[in-house]
Amino acid sequence: MIARAAALFALALVAVAWPAAAQRPKAPAPKRCILELERAIEREFARTEQGAGNENIYLGGNVRFKCQGQNVRVGADSVESINGDVVRFITRAYYRDADVSLRADTLTYYKQGERLEARGSVHVLTTRDSSTLDGPYLDYLRAVKGIRDSAETVAMQRPTLKVTPKRAKSDTSANKGPYTIVADLLRGFGSSRLSGRGNVTVDRSDLSGKGDSLLYITGAAGRTILTGAPASWKRTGTDSFTVTGKDIRLGLTDEVLDDLRAYGDGDVRQDSTRVSGDSVALRFKAGKLEQTDAWGRAMQAHAKRAGYDITGDSVVIRTPGEQLQSILVRGRGSIQNPVDTTVILPTPPTDSTADSTADSTATPKRDRDTLWGNRIEAQFTQVDSSGTMLTRLLHIEARGSARSLMTQQVQKNGKTTPTINYSRADTIRVTMKLFPGSGFDEVRMNGHVDGLQLETASLGKKAALPAKRPTP
């Protein structure tokens, strides 16, 4: 489910391309724009000033220009040209080419740098995909041979970019509306790069993202990066999920999601599943979650699913085809099963209190089967139960300073009694009964084995763990 949600989110980001004004042309234009007057319909006034080698021209009345030899139109109610180097289009100004339509209160064209400045009530419409940009301030720097290789667009003062992604013919889901991106500053480079800075938000009816900055790069190995303290992505609805981290990255290959990574207090939550650590990485194949990695330095990695708790210096959860296959824990690892509400037993002391006695007056608590070790590996399989596929544990093994805490219901003297077993060994391997059976089938311990078993009759007595094992 996380995979589907993240894949949909990736589609949102790859669709967030800058308006065509920043995309075209992909190669530098062969020449500069030479403005050519088409007409000044009403001609309220027309005046030319000459002197000191300058020629200033003032025109009024719905003035229209075009770029000579190019499909570009620009106009306004009035125009002033300062020696042909700086041309201002004042009141109801507009710019149009084959792919984009731009309106603003004023447009200023700087011939020297091939720069167009739009100020006041700026509105950009990309005719190719109906994306829009609105704000008070926009600069467009044209791609011109000898000046710059790619067009650049800069929008400031909280511009709003809205994009409606192109939907596949096979997509029959309800239309969720456009994606809206808002930031203090948005900047586009050609057709392959978009960045945002300052309180960046990405929103759709079922999706929201927040961060201090955003970077989107398209191409064969594209990526999207959202940073913050922390940044977050959240999807609502039946397939909801939340990702937080100081640095969230989506890796794309030919615009298909490959992986999602959250660095710095990374945290991924979806339904009953939560994975956290200094860093968390989700890897995908054909749109499905293949593997989840979590690792930590300042804090241990932690994974929780359906009541199971897993901790370690690193945790790897393999789910090919979104089917749980294995869990690997390295470094100070532990796996706890869900709370067994049918058994209430005191927990025996850990190694740090191995020579002390258990206090029978301590408040009892619900116990959980737990396995500890420097390396823990669990293998799972999928079984069919009356047409419903279930995930079942096959076996689990702990290596290196292994410890286990297990509870069972046993028959003794014709009565069912709960027992608790605490064991230590170099290696502990637990094999489960095959489906439809349940519970332990076999427990094997190797190397420096010792332990303690408690039954109902002994719970009111003091019990001590074996003496500490000699150092190997």
# chains A, B, ... in the order shown; residues from 1 in each chain; ligands from 1

$ select_by_dssp --residues "region 88-259 of chain A" --states "strand (DSSP E or B)" --output "ChimeraX atom specification"
/A:88-96,100-110,115-126,132-141,144,148,152-156,160-163,179-182,185-189,193-204,207-217,221-235,241-253,256-259

$ residues_around --residues "Arg332 (chain A)" --least-positions-apart "3" --cutoff "7 Å" --atoms "only C-alpha atoms" --output "mmCIF file with all heavy atoms, in the first residue's frame"
data_model
loop_
_atom_site.group_PDB
_atom_site.id
_atom_site.type_symbol
_atom_site.label_atom_id
_atom_site.label_comp_id
_atom_site.auth_asym_id
_atom_site.auth_seq_id
_atom_site.Cartn_x
_atom_site.Cartn_y
_atom_site.Cartn_z
ATOM 1 N N GLY A 312 17.015 -2.087 15.951
ATOM 2 C CA GLY A 312 18.387 -2.474 15.663
ATOM 3 C C GLY A 312 19.153 -1.304 15.105
ATOM 4 O O GLY A 312 18.589 -0.250 14.796
ATOM 5 N N ASP A 313 20.469 -1.471 14.974
ATOM 6 C CA ASP A 313 21.253 -0.422 14.334
ATOM 7 C C ASP A 313 20.828 -0.257 12.882
ATOM 8 O O ASP A 313 20.895 0.831 12.326
ATOM 9 C CB ASP A 313 22.746 -0.751 14.419
ATOM 10 C CG ASP A 313 23.260 -0.685 15.856
ATOM 11 O OD1 ASP A 313 22.568 -0.065 16.698
ATOM 12 O OD2 ASP A 313 24.326 -1.249 16.134
ATOM 13 N N GLY A 373 19.683 -10.134 19.743
ATOM 14 C CA GLY A 373 20.923 -10.620 19.168
ATOM 15 C C GLY A 373 21.618 -9.540 18.373
ATOM 16 O O GLY A 373 21.027 -8.501 18.037
ATOM 17 N N ASN A 374 22.908 -9.771 18.079
ATOM 18 C CA ASN A 374 23.648 -8.819 17.252
ATOM 19 C C ASN A 374 23.230 -8.901 15.791
ATOM 20 O O ASN A 374 23.436 -7.961 15.022
ATOM 21 C CB ASN A 374 25.149 -9.061 17.374
ATOM 22 C CG ASN A 374 25.660 -8.703 18.760
ATOM 23 O OD1 ASN A 374 25.110 -7.824 19.427
ATOM 24 N ND2 ASN A 374 26.701 -9.392 19.216
#

$ closest_atom_pairs --of "region 366-399 of chain A" --to "region 418-424 of chain A" --cutoff "10 Å" --atoms "only C-alpha atoms" --output "CSV"
residue,atom,partner,partner_atom,distance
A:Asp367,CA,A:Ile420,CA,9.1
A:Asp369,CA,A:Ile420,CA,9.2
A:Thr370,CA,A:Tyr422,CA,9.5
A:Leu371,CA,A:Ser423,CA,9.6
A:Trp372,CA,A:Arg424,CA,9.3
A:Gly373,CA,A:Arg424,CA,9.8

$ residues_around --residues "Thr164 (chain A)" --least-positions-apart "6" --cutoff "7 Å" --atoms "only C-alpha atoms" --output "MDAnalysis selection string"
chainID A and resid 131 177:179

$ residues_around --residues "Val122 (chain A)" --least-positions-apart "2" --cutoff "9 Å" --atoms "only C-alpha atoms" --output "tab-separated table (two decimals) with C-alpha atoms, in the first residue's frame"
chain	number	residue	atom	x	y	z
A	102	LEU	CA	1.32	35.63	-20.27
A	103	ARG	CA	-0.55	38.62	-18.85
A	104	ALA	CA	0.61	41.28	-16.37
A	105	ASP	CA	0.09	44.90	-15.41
A	106	THR	CA	3.46	45.72	-16.99
A	118	ALA	CA	6.41	40.81	-15.66
A	119	ARG	CA	5.06	42.78	-12.70
A	120	GLY	CA	1.64	43.01	-11.08
A	124	VAL	CA	0.79	32.48	-17.18
A	133	LEU	CA	1.27	30.39	-12.75
A	134	ASP	CA	-0.05	33.37	-10.76
A	135	GLY	CA	1.81	35.95	-8.71
A	136	PRO	CA	3.01	39.54	-8.59
A	137	TYR	CA	6.56	39.04	-9.93
A	138	LEU	CA	8.07	36.98	-12.75

$ residues_around --residues "region 444-451 of chain A" --least-positions-apart "2" --cutoff "8 Å" --atoms "only C-alpha atoms" --output "list of chain:residue names"
A:Asn421, A:Tyr422, A:Ser423, A:Arg424, A:Ala425, A:Asp426, A:Thr427, A:Ile428, A:Arg429, A:Val430, A:Glu442, A:Gln453, A:Leu465, A:Pro466, A:Arg469

$ closest_atom_pairs --of "region 92-166 of chain A" --to "region 199-219 of chain A" --cutoff "10 Å" --atoms "only C-alpha atoms" --output "CSV"
residue,atom,partner,partner_atom,distance
A:Arg158,CA,A:Asn199,CA,9.1
A:Thr160,CA,A:Thr201,CA,9.8
A:Leu161,CA,A:Val202,CA,9.4
A:Lys162,CA,A:Asp203,CA,9.5
A:Val163,CA,A:Arg204,CA,9.9
A:Thr164,CA,A:Arg204,CA,9.9

$ write_last_selection --atoms "all heavy atoms" --output "PDB file, in the first residue's frame"
ATOM      1  N   ARG A 158       5.674  34.597  -3.300  1.00  0.00           N
ATOM      2  CA  ARG A 158       4.661  33.564  -3.124  1.00  0.00           C
ATOM      3  C   ARG A 158       3.849  33.293  -4.391  1.00  0.00           C
ATOM      4  O   ARG A 158       2.615  33.362  -4.392  1.00  0.00           O
ATOM      5  CB  ARG A 158       3.718  33.905  -1.976  1.00  0.00           C
ATOM      6  CG  ARG A 158       4.368  34.172  -0.636  1.00  0.00           C
ATOM      7  CD  ARG A 158       5.063  32.952  -0.095  1.00  0.00           C
ATOM      8  NE  ARG A 158       4.138  31.869   0.232  1.00  0.00           N
ATOM      9  CZ  ARG A 158       4.539  30.641   0.556  1.00  0.00           C
ATOM     10  NH1 ARG A 158       5.832  30.345   0.554  1.00  0.00           N
ATOM     11  NH2 ARG A 158       3.658  29.714   0.843  1.00  0.00           N
ATOM     12  N   THR A 160       1.989  31.044  -7.263  1.00  0.00           N
ATOM     13  CA  THR A 160       1.208  29.810  -7.210  1.00  0.00           C
ATOM     14  C   THR A 160       1.266  29.122  -8.564  1.00  0.00           C
ATOM     15  O   THR A 160       0.838  29.698  -9.574  1.00  0.00           O
ATOM     16  CB  THR A 160      -0.257  30.098  -6.836  1.00  0.00           C
ATOM     17  OG1 THR A 160      -0.311  30.708  -5.548  1.00  0.00           O
ATOM     18  CG2 THR A 160      -1.068  28.820  -6.820  1.00  0.00           C
ATOM     19  N   LEU A 161       1.779  27.901  -8.582  1.00  0.00           N
ATOM     20  CA  LEU A 161       1.865  27.099  -9.798  1.00  0.00           C
ATOM     21  C   LEU A 161       0.850  25.970  -9.699  1.00  0.00           C
ATOM     22  O   LEU A 161       0.862  25.195  -8.740  1.00  0.00           O
ATOM     23  CB  LEU A 161       3.278  26.531  -9.958  1.00  0.00           C
ATOM     24  CG  LEU A 161       3.511  25.551 -11.117  1.00  0.00           C
ATOM     25  CD1 LEU A 161       3.284  26.241 -12.452  1.00  0.00           C
ATOM     26  CD2 LEU A 161       4.915  24.968 -11.039  1.00  0.00           C
ATOM     27  N   LYS A 162      -0.052  25.860 -10.691  1.00  0.00           N
ATOM     28  CA  LYS A 162      -1.048  24.798 -10.722  1.00  0.00           C
ATOM     29  C   LYS A 162      -0.842  23.945 -11.961  1.00  0.00           C
ATOM     30  O   LYS A 162      -0.741  24.480 -13.074  1.00  0.00           O
ATOM     31  CB  LYS A 162      -2.468  25.373 -10.713  1.00  0.00           C
ATOM     32  CG  LYS A 162      -2.852  26.050  -9.410  1.00  0.00           C
ATOM     33  CD  LYS A 162      -4.308  26.470  -9.410  1.00  0.00           C
ATOM     34  CE  LYS A 162      -4.698  27.090  -8.071  1.00  0.00           C
ATOM     35  NZ  LYS A 162      -6.127  27.470  -8.045  1.00  0.00           N
ATOM     36  N   VAL A 163      -0.802  22.629 -11.745  1.00  0.00           N
ATOM     37  CA  VAL A 163      -0.559  21.695 -12.836  1.00  0.00           C
ATOM     38  C   VAL A 163      -1.577  20.569 -12.762  1.00  0.00           C
ATOM     39  O   VAL A 163      -1.766  19.954 -11.710  1.00  0.00           O
ATOM     40  CB  VAL A 163       0.866  21.101 -12.763  1.00  0.00           C
ATOM     41  CG1 VAL A 163       1.090  20.109 -13.897  1.00  0.00           C
ATOM     42  CG2 VAL A 163       1.911  22.208 -12.822  1.00  0.00           C
ATOM     43  N   THR A 164      -2.243  20.295 -13.873  1.00  0.00           N
ATOM     44  CA  THR A 164      -3.119  19.134 -13.987  1.00  0.00           C
ATOM     45  C   THR A 164      -2.386  18.081 -14.797  1.00  0.00           C
ATOM     46  O   THR A 164      -2.176  18.249 -15.998  1.00  0.00           O
ATOM     47  CB  THR A 164      -4.441  19.500 -14.683  1.00  0.00           C
ATOM     48  OG1 THR A 164      -5.101  20.530 -13.940  1.00  0.00           O
ATOM     49  CG2 THR A 164      -5.350  18.286 -14.785  1.00  0.00           C
TER      50      THR A 164
END

$ residues_around --residues "region 65-80 of chain A" --least-positions-apart "4" --cutoff "6 Å" --atoms "only C-alpha atoms" --output "list in words"
Cys33, Ile34, Leu35, Glu36, Leu37, Glu38, Ile57, Tyr58, Leu59, Gly60, Gly61, Val87, Arg88, Phe89, Ile90, Thr91, Arg92, Ala93, Tyr94, Tyr95, Arg96 and Asp97 of chain A

$ closest_residue --among "A:Met156, A:Asn62, A:Arg274, A:Arg32" --to "Gln112 (chain A)" --atoms "only C-alpha atoms"
A:Arg32

$ atom_distance --atom1 "CA of Ser130 (chain A)" --atom2 "CA of Glu152 (chain A)"
19.7 Å
